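The block underneath contains the structure these notes are about, expressed in structure tokens.
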Amino acid sequence: DAYPGFEGLDATVLGISGDGAEAHARFKAKYGLPMRLLVDEGHAIAESYGVWVEKNTFGVKRMGIARTTFIVDPDGKVAHTFSKVDPSGHGQAIAETLERLSSG
């Protein structure tokens with residue numbers, strides 16, 4: 001829902017998950033997402049960013065992705081990390097951080 005707020009901020013929005021391409025296509029269609037979704041079925045990207053972690057849900061341990069947002073600068077360096085992301089209000093927080101980083 002916050003995607004239009006990123007227009008004009010010189011930012012590229014990507015979503016990455018371990019789901020396959022068909023699941024991504026259904027997810028994009030269901031929610032009308034305009035951004036690209038990247039497939040990370042082997043979790044190599046999640047592992048490289050340190051977000052492929054052990055989760056404990058009701059005493060059941062399993063591996064999964066810690067919902068995280070990374071802002072990567074034009075040089076490919078992580079400029080800001082949002083951990084334990086709660087989607088409500090998150091888009092606004094990202095836009096504000098992008099504006100702050102671009103002006104500073």
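Labels used: A, B, ... for chains in the order of the structure tokens, numbers from 1 for residues in each chain, and numbers from 1 for ligands as shown.
Every residue of chain A found in strand (DSSP E) when DSSP is run on the backbone appears here: Leu14, Gly15, Ile16, Ser17, Arg36, Leu37, Leu38, Val39, Trp52, Val53, Glu54, Lys55, Asn56, Thr57, Val60, Lys61, Arg62, Met63, Gly64, Ile65, Thr69, Phe70, Ile71, Val72, Val78, Ala79, His80, Thr81 and Phe82 of chain A.
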Would you mind telling me which residue in A:Ala21, A:Thr97, A:Asp1, A:Tyr49 lies nearest to Lys77 of chain A when using only C-alpha atoms?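 Comparing A:Ala21, A:Thr97, A:Asp1, A:Tyr49 against Lys77 of chain A, the winner is A:Tyr49.
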What parts of segment 9-56 of chain A does DSSP call alpha helix (DSSP H)? I'd like the answer as a tab-separated table (two decimals) with C-alpha atoms, in the first residue's frame.
```tsv
chain	number	residue	atom	x	y	z
A	21	ALA	CA	8.11	-18.23	-8.88
A	22	GLU	CA	4.54	-19.55	-9.16
A	23	ALA	CA	3.80	-18.69	-5.51
A	24	HIS	CA	5.25	-15.22	-6.09
A	25	ALA	CA	3.04	-14.70	-9.14
A	26	ARG	CA	-0.07	-15.67	-7.14
A	27	PHE	CA	0.96	-13.43	-4.22
A	28	LYS	CA	1.60	-10.47	-6.56
A	29	ALA	CA	-1.75	-10.95	-8.27
A	30	LYS	CA	-3.67	-11.39	-5.01
A	31	TYR	CA	-2.32	-8.16	-3.49
A	44	ALA	CA	21.30	-18.23	-0.10
A	45	ILE	CA	20.29	-14.55	-0.04
A	46	ALA	CA	18.60	-14.89	3.37
A	47	GLU	CA	21.67	-16.64	4.75
A	48	SER	CA	24.04	-14.01	3.36
```
Rank A:Glu41, A:Pro74, A:Leu33, A:Val85 by their smallest atom-to-atom distance to Thr12 of chain A, using only C-alpha atoms, and report the top residue only. A:Pro74
Restricting the calculation to only C-alpha atoms, which member of A:Arg62, A:Trp52, A:Leu101, A:Arg67 is positioned closest to Gly15 of chain A?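 Checking each candidate against Gly15 of chain A, we get A:Arg67 as the closest.
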